[in-house]
file input-v5.csv (CSV, C-alpha atoms and all ligand atoms)
chain,number,residue,atom,x,y,z
A,2,MET,CA,-7.7,13.5,26.7
A,3,PRO,CA,-6.3,15.6,23.8
A,4,ASP,CA,-6.9,14.5,20.3
A,5,MET,CA,-4.6,12.2,18.3
A,6,THR,CA,-3.0,13.0,15.0
A,7,ALA,CA,-3.2,10.6,12.1
A,8,MET,CA,-2.2,10.5,8.4
A,9,VAL,CA,-5.4,9.3,6.7
A,10,LEU,CA,-6.1,7.8,3.3
A,11,ASP,CA,-9.6,8.8,2.1
A,12,ARG,CA,-9.4,7.0,-1.2
A,13,PRO,CA,-6.8,5.1,-3.1
A,14,ARG,CA,-4.5,7.1,-5.4
A,15,SER,CA,-4.7,10.2,-3.3
A,16,SER,CA,-2.3,11.8,-0.8
A,17,LEU,CA,-2.7,11.1,2.9
A,18,VAL,CA,-4.3,13.9,4.8
A,19,LEU,CA,-3.3,15.0,8.3
A,20,ARG,CA,-6.3,14.8,10.7
A,21,GLU,CA,-7.0,15.3,14.3
A,22,ARG,CA,-9.3,12.8,15.9
A,23,PRO,CA,-10.5,11.9,19.4
A,24,ILE,CA,-8.2,9.3,21.0
A,25,PRO,CA,-10.2,6.0,20.8
A,26,THR,CA,-11.0,3.9,23.9
A,27,PRO,CA,-9.8,0.3,23.8
A,28,GLY,CA,-12.6,-2.2,23.6
A,29,HIS,CA,-12.7,-5.8,24.9
A,30,GLY,CA,-9.2,-7.4,24.4
A,31,GLU,CA,-7.7,-4.3,22.9
A,32,VAL,CA,-4.9,-2.0,24.0
A,33,LEU,CA,-4.4,1.7,23.3
A,34,ILE,CA,-0.8,2.3,22.1
A,35,ALA,CA,1.1,5.6,22.0
A,36,VAL,CA,3.1,5.2,18.8
A,37,SER,CA,6.9,5.7,19.1
A,38,ALA,CA,7.7,4.8,15.5
A,39,CYS,CA,6.0,3.2,12.5
A,40,GLY,CA,7.8,1.8,9.5
A,41,VAL,CA,6.7,2.4,5.9
A,42,CYS,CA,6.4,-0.8,4.0
A,43,ARG,CA,5.9,-1.5,0.3
A,44,THR,CA,2.5,-2.9,1.2
A,45,ASP,CA,1.4,0.6,2.5
A,46,LEU,CA,2.4,1.8,-0.9
A,47,HIS,CA,0.2,-0.9,-2.5
A,48,VAL,CA,-2.8,0.2,-0.3
A,49,VAL,CA,-2.3,3.9,-1.1
A,50,ASP,CA,-1.8,3.2,-4.8
A,51,GLY,CA,-4.9,1.1,-5.1
A,52,GLU,CA,-3.2,-2.1,-5.9
A,53,LEU,CA,-4.9,-4.0,-3.0
A,54,SER,CA,-8.6,-4.4,-3.2
A,55,ASP,CA,-11.2,-3.3,-0.6
A,56,PRO,CA,-9.3,-1.5,2.1
A,57,LYS,CA,-11.3,-0.1,4.9
A,58,LEU,CA,-11.8,3.6,4.0
A,59,PRO,CA,-10.9,6.0,5.3
A,60,ILE,CA,-7.8,4.1,6.6
A,61,ILE,CA,-4.8,5.0,8.6
A,62,PRO,CA,-2.0,2.9,7.0
A,63,GLY,CA,1.1,1.5,8.8
A,64,HIS,CA,1.8,-2.0,10.1
A,65,GLU,CA,5.3,-1.8,11.5
A,66,ILE,CA,4.3,-0.2,14.8
A,67,VAL,CA,6.5,0.3,17.8
A,68,GLY,CA,4.9,1.9,20.8
A,69,ARG,CA,3.8,1.8,24.5
A,70,VAL,CA,0.6,0.4,26.0
A,71,ILE,CA,-1.1,3.4,27.7
A,72,GLU,CA,-4.6,2.0,28.3
A,73,LYS,CA,-6.1,-1.5,28.4
A,74,GLY,CA,-9.6,-2.7,27.6
A,75,ASN,CA,-11.3,-5.6,29.5
A,76,ASP,CA,-9.7,-9.0,29.5
A,77,VAL,CA,-6.1,-8.0,28.6
A,78,ALA,CA,-3.9,-9.8,31.1
A,79,ALA,CA,-0.7,-10.3,29.1
A,80,LEU,CA,0.5,-6.7,28.5
A,81,ALA,CA,1.3,-4.2,31.2
A,82,ILE,CA,0.7,-0.5,31.0
A,83,GLY,CA,3.9,1.2,29.9
A,84,SER,CA,5.3,-1.9,28.2
A,85,ARG,CA,6.9,-1.6,24.8
A,86,VAL,CA,5.1,-3.6,22.1
A,87,GLY,CA,5.1,-4.1,18.4
A,88,VAL,CA,2.1,-4.4,16.2
A,89,PRO,CA,2.4,-6.3,12.9
A,90,TRP,CA,0.4,-6.7,9.7
A,91,LEU,CA,-1.6,-9.6,11.1
A,92,GLY,CA,-4.1,-7.6,13.2
A,93,ALA,CA,-6.6,-10.4,14.1
A,94,THR,CA,-7.7,-13.9,13.0
A,95,CYS,CA,-11.0,-15.8,13.5
A,96,GLY,CA,-9.5,-18.7,15.4
A,97,ILE,CA,-12.0,-21.2,14.0
A,98,CYS,CA,-11.6,-21.5,10.2
A,99,PRO,CA,-9.7,-24.5,8.8
A,100,TYR,CA,-6.5,-22.5,8.4
A,101,CYS,CA,-6.6,-21.1,11.9
A,102,VAL,CA,-7.1,-24.5,13.5
A,103,SER,CA,-4.3,-26.1,11.5
A,104,GLY,CA,-1.6,-23.6,12.5
A,105,ARG,CA,-1.9,-21.6,9.3
A,106,GLU,CA,-3.5,-18.4,10.7
A,107,ASN,CA,-1.6,-16.4,8.0
A,108,LEU,CA,-4.2,-17.8,5.6
A,109,CYS,CA,-7.2,-17.1,7.9
A,110,ASP,CA,-10.5,-16.8,6.0
A,111,ARG,CA,-11.6,-13.8,8.1
A,112,PRO,CA,-8.5,-11.9,9.1
A,113,LEU,CA,-8.0,-8.2,9.9
A,114,PHE,CA,-4.8,-6.6,8.7
A,115,THR,CA,-3.3,-3.6,10.4
A,116,GLY,CA,-3.3,-0.5,8.2
A,117,TYR,CA,-5.5,-2.2,5.6
A,118,THR,CA,-8.7,-3.5,7.1
A,119,ARG,CA,-8.1,-1.9,10.5
A,120,ASP,CA,-6.5,1.4,11.4
A,121,GLY,CA,-2.7,1.3,11.7
A,122,GLY,CA,0.3,3.3,12.9
A,123,PHE,CA,0.7,6.4,10.8
A,124,ALA,CA,-0.6,8.2,13.8
A,125,THR,CA,0.3,9.3,17.4
A,126,HIS,CA,-2.0,6.6,18.8
A,127,THR,CA,-3.5,3.3,17.7
A,128,LEU,CA,-5.7,0.5,19.0
A,129,ALA,CA,-4.6,-3.1,18.6
A,130,ASP,CA,-5.9,-6.5,19.6
A,131,ALA,CA,-3.6,-7.4,22.5
A,132,ARG,CA,-3.2,-11.1,21.3
A,133,TYR,CA,-1.5,-9.9,18.2
A,134,CYS,CA,1.0,-7.6,19.8
A,135,PHE,CA,4.6,-8.6,20.7
A,136,ALA,CA,6.8,-7.6,23.5
A,137,LEU,CA,9.8,-5.7,22.3
A,138,PRO,CA,13.2,-5.0,23.9
A,139,GLU,CA,13.6,-1.6,25.7
A,140,ALA,CA,17.3,-1.1,24.9
A,141,THR,CA,16.9,-0.7,21.1
A,142,ASP,CA,15.9,2.6,19.4
A,143,ALA,CA,12.2,2.4,18.4
A,144,ALA,CA,12.8,3.5,14.8
A,145,ALA,CA,15.4,0.7,14.4
A,146,LEU,CA,12.9,-1.9,15.6
A,147,ALA,CA,10.1,-0.8,13.4
A,148,PRO,CA,11.3,-2.5,10.1
A,149,LEU,CA,11.5,-5.8,12.0
A,150,LEU,CA,7.7,-5.9,12.3
A,151,CYS,CA,7.0,-6.5,8.7
A,152,ALA,CA,10.1,-6.5,6.5
A,153,GLY,CA,11.7,-8.7,9.2
A,154,LEU,CA,8.7,-11.0,10.0
A,155,ILE,CA,7.4,-11.6,6.5
A,156,GLY,CA,11.0,-11.7,5.3
A,157,TRP,CA,11.6,-14.4,7.8
A,158,ARG,CA,8.7,-16.5,6.6
A,159,SER,CA,9.9,-16.1,3.0
A,160,TYR,CA,13.4,-17.1,4.2
A,161,ARG,CA,12.1,-20.3,5.9
A,162,MET,CA,10.1,-21.2,2.7
A,163,ALA,CA,13.3,-20.9,0.7
A,164,GLY,CA,14.7,-23.9,2.5
A,165,GLN,CA,18.1,-24.8,3.9
A,166,GLY,CA,20.4,-24.4,0.9
A,167,ALA,CA,23.8,-22.8,1.2
A,168,SER,CA,23.4,-20.2,-1.6
A,169,LEU,CA,20.5,-17.7,-1.6
A,170,GLY,CA,19.6,-15.0,-4.0
A,171,LEU,CA,17.7,-11.9,-2.9
A,172,TYR,CA,16.0,-9.8,-5.6
A,173,GLY,CA,15.2,-6.2,-4.5
A,174,PHE,CA,17.6,-5.1,-1.9
A,175,GLY,CA,15.3,-3.0,0.3
A,176,ALA,CA,14.1,-3.3,3.9
A,177,ALA,CA,13.4,-7.0,3.9
A,178,ALA,CA,16.5,-8.1,2.0
A,179,HIS,CA,18.9,-6.0,4.1
A,180,ILE,CA,17.5,-7.7,7.3
A,181,LEU,CA,17.4,-11.2,5.9
A,182,ALA,CA,20.9,-10.9,4.4
A,183,GLN,CA,22.3,-10.5,7.9
A,184,VAL,CA,20.5,-13.6,9.2
A,185,ALA,CA,21.6,-15.6,6.2
A,186,VAL,CA,25.3,-14.5,6.6
A,187,TRP,CA,25.1,-15.2,10.3
A,188,GLN,CA,23.9,-18.8,9.5
A,189,GLY,CA,26.8,-19.3,7.2
A,190,ARG,CA,25.0,-19.0,3.9
A,191,ARG,CA,26.3,-17.3,0.7
A,192,VAL,CA,24.1,-14.3,-0.2
A,193,TYR,CA,23.7,-13.1,-3.7
A,194,ALA,CA,22.1,-9.6,-4.0
A,195,PHE,CA,20.2,-8.6,-7.1
A,196,THR,CA,19.3,-5.0,-7.5
A,197,ARG,CA,18.0,-2.8,-10.3
A,198,ALA,CA,20.7,-2.7,-13.0
A,199,GLY,CA,23.3,-0.1,-12.2
A,200,ASP,CA,22.1,0.5,-8.6
A,201,GLU,CA,25.6,0.8,-7.2
A,202,ALA,CA,24.5,2.2,-3.9
A,203,ALA,CA,22.2,-0.8,-3.1
A,204,GLN,CA,25.0,-3.2,-4.3
A,205,THR,CA,27.5,-1.5,-2.0
A,206,VAL,CA,25.1,-1.9,1.0
A,207,ALA,CA,24.6,-5.5,0.1
A,208,ARG,CA,28.3,-6.2,0.0
A,209,ARG,CA,28.8,-4.4,3.3
A,210,LEU,CA,26.2,-6.6,4.9
A,211,GLY,CA,28.2,-9.7,3.8
A,212,ALA,CA,26.8,-10.6,0.3
A,213,VAL,CA,29.4,-12.5,-1.6
A,214,TRP,CA,28.1,-11.1,-4.9
A,215,ALA,CA,25.9,-8.1,-5.9
A,216,GLY,CA,24.8,-7.3,-9.3
A,217,GLY,CA,21.9,-6.3,-11.5
A,218,SER,CA,18.8,-8.5,-11.7
A,219,ASP,CA,19.6,-9.2,-15.4
A,220,GLU,CA,22.9,-10.7,-14.5
A,221,HIS,CA,23.9,-14.3,-13.8
A,222,PRO,CA,25.7,-15.0,-10.5
A,223,PRO,CA,28.9,-17.0,-10.6
A,224,GLU,CA,27.2,-20.1,-9.2
A,225,ALA,CA,23.8,-21.6,-9.6
A,226,LEU,CA,21.7,-20.9,-6.5
A,227,ASP,CA,19.7,-23.2,-4.1
A,228,ALA,CA,17.0,-20.7,-3.8
A,229,ALA,CA,16.0,-17.1,-4.5
A,230,ILE,CA,13.5,-14.8,-2.8
A,231,ILE,CA,11.9,-12.0,-4.7
A,232,PHE,CA,11.0,-8.9,-2.7
A,233,ALA,CA,10.7,-6.5,-5.6
A,234,PRO,CA,7.1,-6.3,-6.9
A,235,VAL,CA,8.2,-7.1,-10.5
A,236,GLY,CA,6.8,-10.2,-12.2
A,237,ALA,CA,9.6,-10.4,-14.7
A,238,LEU,CA,11.9,-11.4,-11.9
A,239,VAL,CA,10.2,-14.8,-11.6
A,240,PRO,CA,11.6,-16.2,-14.8
A,241,ALA,CA,14.9,-14.3,-14.2
A,242,ALA,CA,15.2,-16.1,-10.8
A,243,LEU,CA,14.2,-19.5,-12.3
A,244,ARG,CA,17.1,-19.2,-14.6
A,245,VAL,CA,19.7,-18.8,-11.8
A,246,VAL,CA,18.4,-21.5,-9.4
A,247,LYS,CA,19.8,-25.0,-9.7
A,248,LYS,CA,17.8,-28.3,-10.2
A,249,GLY,CA,15.3,-28.6,-7.3
A,250,GLY,CA,15.7,-24.9,-6.5
A,251,ARG,CA,13.0,-22.7,-5.1
A,252,VAL,CA,11.9,-19.2,-6.1
A,253,VAL,CA,9.9,-17.6,-3.3
A,254,CYS,CA,7.7,-14.5,-4.0
A,255,GLY,CA,7.7,-12.5,-0.8
A,256,GLY,CA,5.4,-9.6,-1.7
A,257,ILE,CA,1.7,-9.2,-1.5
A,258,HIS,CA,1.4,-7.7,-5.0
A,259,MET,CA,3.4,-8.2,-8.1
A,260,SER,CA,3.1,-7.1,-11.7
A,261,ASP,CA,2.2,-9.8,-14.2
A,262,ILE,CA,4.6,-12.6,-14.7
A,263,PRO,CA,5.7,-12.8,-18.3
A,264,GLN,CA,5.4,-16.1,-20.3
A,265,PHE,CA,8.4,-18.3,-20.0
A,266,PRO,CA,9.5,-21.7,-21.4
A,267,TYR,CA,8.7,-24.7,-19.3
A,268,HIS,CA,12.3,-25.9,-19.3
A,269,ILE,CA,13.4,-23.2,-16.8
A,270,LEU,CA,10.8,-24.6,-14.3
A,271,TRP,CA,11.5,-28.2,-15.1
A,272,GLU,CA,13.9,-30.4,-13.0
A,273,GLU,CA,11.7,-29.8,-10.0
A,274,ARG,CA,12.3,-26.1,-9.6
A,275,GLN,CA,9.4,-24.6,-7.6
A,276,ILE,CA,7.7,-21.2,-7.4
A,277,LEU,CA,6.1,-20.3,-4.1
A,278,SER,CA,4.3,-17.3,-2.7
A,279,VAL,CA,4.3,-16.1,0.9
A,280,ALA,CA,1.2,-14.6,2.5
A,281,ASN,CA,1.1,-12.6,5.7
A,282,LEU,CA,2.6,-14.1,8.9
A,283,THR,CA,1.7,-16.2,11.9
A,284,ARG,CA,2.4,-15.2,15.4
A,285,GLN,CA,4.8,-18.2,15.6
A,286,ASP,CA,6.8,-16.6,12.8
A,287,ALA,CA,7.0,-13.4,14.8
A,288,HIS,CA,8.2,-15.2,18.0
A,289,GLU,CA,10.8,-17.1,16.1
A,290,PHE,CA,12.1,-14.0,14.3
A,291,LEU,CA,12.1,-11.7,17.2
A,292,ASP,CA,14.2,-14.3,19.1
A,293,ILE,CA,16.7,-14.8,16.3
A,294,ALA,CA,17.2,-11.2,15.2
A,295,PRO,CA,19.1,-10.0,18.2
A,296,ARG,CA,21.2,-13.3,18.3
A,297,ALA,CA,22.1,-12.7,14.6
A,298,GLY,CA,23.1,-9.1,15.5
A,299,VAL,CA,20.6,-7.7,13.0
A,300,THR,CA,20.8,-4.0,12.7
A,301,THR,CA,18.5,-1.9,10.5
A,302,GLN,CA,19.3,1.1,8.3
A,303,VAL,CA,16.5,3.6,8.6
A,304,SER,CA,15.5,7.0,7.3
A,305,ARG,CA,13.4,8.9,9.7
A,306,TYR,CA,10.6,11.2,8.7
A,307,PRO,CA,8.2,13.3,10.8
A,308,LEU,CA,4.7,11.7,10.8
A,309,ALA,CA,3.4,14.7,8.9
A,310,HIS,CA,5.8,13.9,6.1
A,311,ALA,CA,4.3,10.4,5.4
A,312,ASN,CA,3.5,11.3,1.8
A,313,GLU,CA,7.2,12.2,1.2
A,314,ALA,CA,8.3,8.9,2.7
A,315,LEU,CA,5.9,7.0,0.5
A,316,ALA,CA,7.1,8.9,-2.6
A,317,ASP,CA,10.7,8.1,-1.8
A,318,LEU,CA,9.9,4.4,-1.4
A,319,ARG,CA,7.9,4.4,-4.7
A,320,GLU,CA,10.7,6.1,-6.6
A,321,GLY,CA,13.4,3.8,-5.1
A,322,ARG,CA,15.2,6.7,-3.5
A,323,LEU,CA,15.6,4.9,-0.1
A,324,GLN,CA,18.4,2.7,1.2
A,325,GLY,CA,17.0,0.5,4.0
A,326,ALA,CA,13.6,1.5,5.5
A,327,ALA,CA,11.6,4.6,6.0
A,328,VAL,CA,10.2,5.2,9.5
A,329,LEU,CA,7.7,7.8,10.6
A,330,ILE,CA,8.2,9.4,14.0
A,331,PRO,CA,5.2,11.2,15.7
A,332,SER,CA,6.5,14.4,17.2
B,1,ZN,ZN,-9.4,-18.0,10.7
B,2,ZN,ZN,4.6,-4.8,5.3

call {"tool": "encode", "arguments": {"input": "input-v5.csv", "output": "structure tokens", "more": "lines below"}}
Ligand SMILES: [Zn+2]
Ligand SMILES: [Zn+2]
result
Amino acid sequence: MPDMTAMVLDRPRSSLVLRERPIPTPGHGEVLIAVSACGVCRTDLHVVDGELSDPKLPIIPGHEIVGRVIEKGNDVAALAIGSRVGVPWLGATCGICPYCVSGRENLCDRPLFTGYTRDGGFATHTLADARYCFALPEATDAAALAPLLCAGLIGWRSYRMAGQGASLGLYGFGAAAHILAQVAVWQGRRVYAFTRAGDEAAQTVARRLGAVWAGGSDEHPPEALDAAIIFAPVGALVPAALRVVKKGGRVVCGGIHMSDIPQFPYHILWEERQILSVANLTRQDAHEFLDIAPRAGVTTQVSRYPLAHANEALADLREGRLQGAAVLIPS
């Protein structure tokens, strides 16, 4: 077989380097996937920027993988050669820890995470544990599906944690929010989009996707909200969101990393407001969301980059130059 091409991180806070490697052979329970598209998530940025501890190094980032199974290891019954699959952040779990056996595999004590503790999809090929891959529809463009694999899945888990209230605030109108806003509007909820102050472009996108209001994260919406989800990695948004949710309201932190939360007065938490965080995803979350996304008519806005331009895609995400999601395409 010819070699594969990958964008590799040798150490945090350095640029990814393009490398040729032999194509790996799938082991027991694994599949070899030819990557069609891989989304670039803020978590990739946290890995590259050294904000998450102890990545496997060198590491191939990327955990929003859409591709085709081209080879199977032993004991892979579920996936056929040639089938289109998605590979998410949750790469493997132990199956025996207290979290795994109680239906909370997202909190597994000994997990593997795609593009963090096992190699991911910024590459032409990748290996994955077949049990953590999901069948994906053939009709949709691969690049358009990629953001569903993390922004969609972990966004969905955050959305469920936010509860059933009719009014929902979304802080940070990037890949996750633009997907979740469509689900919320489809379910008849009122969406309030909070962006960086003065980010007219993001506010316009939010209104186009059905948000009833869009403004800066320093602004107060015209009604008190049942819940808010924070996707931006900015701790100062926690007290800001607490100030706009009503009594009993929830503030859900949807990211894996956030800057420190500034001190705030107890009275903005009082009256049974709650702050929650969301970690990772379960396969159940994925099955639910991949079922609901097409029914809700979710479409994604993507910016395509050639695989070799991964550093440019990361920089555009870091600097807030993107609308929607960046997706790498191996040539
Ligand atoms: Zn476990
Ligand atoms: Zn992600």

call {"tool": "closest_residue", "arguments": {"input": "input-v5.csv", "among": "A:His258, A:Arg14, A:Arg20, A:Lys247", "to": "ligand ZN 2 (chain B)", "atoms": "all atoms listed in the file"}}
result
A:His258

call {"tool": "closest_atom_pairs", "arguments": {"input": "input-v5.csv", "of": "chain A", "to": "ligand ZN 2 (chain B)", "cutoff": "12 Å", "atoms": "only C-alpha atoms and all ligand atoms", "output": "tab-separated table"}}
result
residue	atom	partner	partner_atom	distance
A:Cys39	CA	B:ZN2	ZN	10.9
A:Gly40	CA	B:ZN2	ZN	8.5
A:Val41	CA	B:ZN2	ZN	7.5
A:Cys42	CA	B:ZN2	ZN	4.6
A:Arg43	CA	B:ZN2	ZN	6.1
A:Thr44	CA	B:ZN2	ZN	5.0
A:Asp45	CA	B:ZN2	ZN	6.9
A:Leu46	CA	B:ZN2	ZN	9.3
A:His47	CA	B:ZN2	ZN	9.8
A:Val48	CA	B:ZN2	ZN	10.5
A:Pro62	CA	B:ZN2	ZN	10.3
A:Gly63	CA	B:ZN2	ZN	8.0
A:His64	CA	B:ZN2	ZN	6.2
A:Glu65	CA	B:ZN2	ZN	6.9
A:Ile66	CA	B:ZN2	ZN	10.6
A:Val88	CA	B:ZN2	ZN	11.2
A:Pro89	CA	B:ZN2	ZN	8.1
A:Trp90	CA	B:ZN2	ZN	6.4
A:Leu91	CA	B:ZN2	ZN	9.8
A:Phe114	CA	B:ZN2	ZN	10.2
A:Thr115	CA	B:ZN2	ZN	9.5
A:Gly116	CA	B:ZN2	ZN	9.5
A:Tyr117	CA	B:ZN2	ZN	10.4
A:Gly121	CA	B:ZN2	ZN	11.5
A:Gly122	CA	B:ZN2	ZN	11.9
A:Ala147	CA	B:ZN2	ZN	10.6
A:Pro148	CA	B:ZN2	ZN	8.6
A:Leu149	CA	B:ZN2	ZN	9.7
A:Leu150	CA	B:ZN2	ZN	7.7
A:Cys151	CA	B:ZN2	ZN	4.5
A:Ala152	CA	B:ZN2	ZN	5.9
A:Gly153	CA	B:ZN2	ZN	9.0
A:Leu154	CA	B:ZN2	ZN	8.8
A:Ile155	CA	B:ZN2	ZN	7.5
A:Gly156	CA	B:ZN2	ZN	9.4
A:Gly175	CA	B:ZN2	ZN	11.9
A:Ala176	CA	B:ZN2	ZN	9.7
A:Ala177	CA	B:ZN2	ZN	9.2
A:Phe232	CA	B:ZN2	ZN	11.0
A:Gly255	CA	B:ZN2	ZN	10.3
A:Gly256	CA	B:ZN2	ZN	8.5
A:Ile257	CA	B:ZN2	ZN	8.6
A:His258	CA	B:ZN2	ZN	11.2
A:Ala280	CA	B:ZN2	ZN	10.7
A:Asn281	CA	B:ZN2	ZN	8.6
A:Leu282	CA	B:ZN2	ZN	10.2
A:Ala326	CA	B:ZN2	ZN	11.0
A:Ala327	CA	B:ZN2	ZN	11.7

call {"tool": "closest_atom_pairs", "arguments": {"input": "input-v5.csv", "of": "chain A", "to": "ligand ZN 1 (chain B)", "cutoff": "9 Å", "atoms": "only C-alpha atoms and all ligand atoms", "output": "JSON lines"}}
result
{"residue": "A:Ala93", "atom": "CA", "partner": "B:ZN1", "partner_atom": "ZN", "distance": 8.8}
{"residue": "A:Thr94", "atom": "CA", "partner": "B:ZN1", "partner_atom": "ZN", "distance": 5.0}
{"residue": "A:Cys95", "atom": "CA", "partner": "B:ZN1", "partner_atom": "ZN", "distance": 3.9}
{"residue": "A:Gly96", "atom": "CA", "partner": "B:ZN1", "partner_atom": "ZN", "distance": 4.8}
{"residue": "A:Ile97", "atom": "CA", "partner": "B:ZN1", "partner_atom": "ZN", "distance": 5.3}
{"residue": "A:Cys98", "atom": "CA", "partner": "B:ZN1", "partner_atom": "ZN", "distance": 4.2}
{"residue": "A:Pro99", "atom": "CA", "partner": "B:ZN1", "partner_atom": "ZN", "distance": 6.8}
{"residue": "A:Tyr100", "atom": "CA", "partner": "B:ZN1", "partner_atom": "ZN", "distance": 5.8}
{"residue": "A:Cys101", "atom": "CA", "partner": "B:ZN1", "partner_atom": "ZN", "distance": 4.3}
{"residue": "A:Val102", "atom": "CA", "partner": "B:ZN1", "partner_atom": "ZN", "distance": 7.4}
{"residue": "A:Arg105", "atom": "CA", "partner": "B:ZN1", "partner_atom": "ZN", "distance": 8.4}
{"residue": "A:Glu106", "atom": "CA", "partner": "B:ZN1", "partner_atom": "ZN", "distance": 5.9}
{"residue": "A:Asn107", "atom": "CA", "partner": "B:ZN1", "partner_atom": "ZN", "distance": 8.4}
{"residue": "A:Leu108", "atom": "CA", "partner": "B:ZN1", "partner_atom": "ZN", "distance": 7.3}
{"residue": "A:Cys109", "atom": "CA", "partner": "B:ZN1", "partner_atom": "ZN", "distance": 3.7}
{"residue": "A:Asp110", "atom": "CA", "partner": "B:ZN1", "partner_atom": "ZN", "distance": 5.0}
{"residue": "A:Arg111", "atom": "CA", "partner": "B:ZN1", "partner_atom": "ZN", "distance": 5.4}
{"residue": "A:Pro112", "atom": "CA", "partner": "B:ZN1", "partner_atom": "ZN", "distance": 6.4}

call {"tool": "atom_distance", "arguments": {"input": "input-v5.csv", "atom1": "atom CA of Ile276 of chain A", "atom2": "atom CA of Gly166 of chain A"}}
result
15.5 Å

call {"tool": "atom_distance", "arguments": {"input": "input-v5.csv", "atom1": "atom CA of Lys248 of chain A", "atom2": "atom CA of Val279 of chain A"}}
result
21.3 Å

call {"tool": "residues_near_point", "arguments": {"input": "input-v5.csv", "point": "(3.3, -7.4, -8.9)", "cutoff": "7 Å", "atoms": "only C-alpha atoms", "output": "list in words"}}
result
Pro234, Val235, Gly236, His258, Met259, Ser260 and Asp261 of chain A

call {"tool": "decode", "arguments": {"input": "input-v5.csv", "residues": "segment 264-269 of chain A", "atoms": "all heavy atoms", "output": "PDB file, in the first residue's frame"}}
result
ATOM      1  N   GLN A 264     -14.863  36.001  40.071  1.00  0.00           N
ATOM      2  CA  GLN A 264     -15.700  36.003  41.271  1.00  0.00           C
ATOM      3  C   GLN A 264     -17.032  36.694  40.967  1.00  0.00           C
ATOM      4  O   GLN A 264     -17.072  37.640  40.183  1.00  0.00           O
ATOM      5  CB  GLN A 264     -14.941  36.814  42.326  1.00  0.00           C
ATOM      6  CG  GLN A 264     -15.368  36.570  43.726  1.00  0.00           C
ATOM      7  CD  GLN A 264     -14.434  37.266  44.694  1.00  0.00           C
ATOM      8  OE1 GLN A 264     -14.125  38.446  44.534  1.00  0.00           O
ATOM      9  NE2 GLN A 264     -13.984  36.535  45.683  1.00  0.00           N
ATOM     10  N   PHE A 265     -18.096  36.178  41.563  1.00  0.00           N
ATOM     11  CA  PHE A 265     -19.391  36.843  41.352  1.00  0.00           C
ATOM     12  C   PHE A 265     -20.211  36.758  42.629  1.00  0.00           C
ATOM     13  O   PHE A 265     -19.985  35.872  43.464  1.00  0.00           O
ATOM     14  CB  PHE A 265     -20.141  36.223  40.159  1.00  0.00           C
ATOM     15  CG  PHE A 265     -20.395  34.740  40.272  1.00  0.00           C
ATOM     16  CD1 PHE A 265     -21.502  34.255  40.971  1.00  0.00           C
ATOM     17  CD2 PHE A 265     -19.540  33.825  39.667  1.00  0.00           C
ATOM     18  CE1 PHE A 265     -21.737  32.890  41.060  1.00  0.00           C
ATOM     19  CE2 PHE A 265     -19.771  32.462  39.759  1.00  0.00           C
ATOM     20  CZ  PHE A 265     -20.875  31.993  40.452  1.00  0.00           C
ATOM     21  N   PRO A 266     -21.183  37.684  42.808  1.00  0.00           N
ATOM     22  CA  PRO A 266     -21.992  37.684  44.026  1.00  0.00           C
ATOM     23  C   PRO A 266     -22.956  36.502  44.053  1.00  0.00           C
ATOM     24  O   PRO A 266     -23.508  36.123  43.016  1.00  0.00           O
ATOM     25  CB  PRO A 266     -22.744  39.021  43.960  1.00  0.00           C
ATOM     26  CG  PRO A 266     -22.765  39.382  42.514  1.00  0.00           C
ATOM     27  CD  PRO A 266     -21.529  38.801  41.898  1.00  0.00           C
ATOM     28  N   TYR A 267     -23.146  35.958  45.238  1.00  0.00           N
ATOM     29  CA  TYR A 267     -23.997  34.775  45.377  1.00  0.00           C
ATOM     30  C   TYR A 267     -25.413  35.016  44.851  1.00  0.00           C
ATOM     31  O   TYR A 267     -26.050  34.094  44.335  1.00  0.00           O
ATOM     32  CB  TYR A 267     -24.030  34.354  46.855  1.00  0.00           C
ATOM     33  CG  TYR A 267     -24.960  33.195  47.133  1.00  0.00           C
ATOM     34  CD1 TYR A 267     -24.746  31.949  46.541  1.00  0.00           C
ATOM     35  CD2 TYR A 267     -26.067  33.357  47.973  1.00  0.00           C
ATOM     36  CE1 TYR A 267     -25.604  30.893  46.790  1.00  0.00           C
ATOM     37  CE2 TYR A 267     -26.923  32.296  48.214  1.00  0.00           C
ATOM     38  CZ  TYR A 267     -26.700  31.072  47.633  1.00  0.00           C
ATOM     39  OH  TYR A 267     -27.545  30.029  47.864  1.00  0.00           O
ATOM     40  N   HIS A 268     -25.901  36.241  44.957  1.00  0.00           N
ATOM     41  CA  HIS A 268     -27.323  36.440  44.628  1.00  0.00           C
ATOM     42  C   HIS A 268     -27.636  36.142  43.154  1.00  0.00           C
ATOM     43  O   HIS A 268     -28.784  35.874  42.820  1.00  0.00           O
ATOM     44  CB  HIS A 268     -27.797  37.860  45.021  1.00  0.00           C
ATOM     45  CG  HIS A 268     -27.323  38.945  44.104  1.00  0.00           C
ATOM     46  ND1 HIS A 268     -27.961  39.261  42.926  1.00  0.00           N
ATOM     47  CD2 HIS A 268     -26.263  39.789  44.183  1.00  0.00           C
ATOM     48  CE1 HIS A 268     -27.320  40.251  42.331  1.00  0.00           C
ATOM     49  NE2 HIS A 268     -26.292  40.583  43.067  1.00  0.00           N
ATOM     50  N   ILE A 269     -26.626  36.140  42.271  1.00  0.00           N
ATOM     51  CA  ILE A 269     -26.961  35.824  40.872  1.00  0.00           C
ATOM     52  C   ILE A 269     -27.075  34.305  40.656  1.00  0.00           C
ATOM     53  O   ILE A 269     -27.598  33.855  39.647  1.00  0.00           O
ATOM     54  CB  ILE A 269     -25.984  36.466  39.846  1.00  0.00           C
ATOM     55  CG1 ILE A 269     -24.570  35.891  39.956  1.00  0.00           C
ATOM     56  CG2 ILE A 269     -25.973  37.977  40.000  1.00  0.00           C
ATOM     57  CD1 ILE A 269     -23.639  36.384  38.835  1.00  0.00           C
TER      58      ILE A 269
END
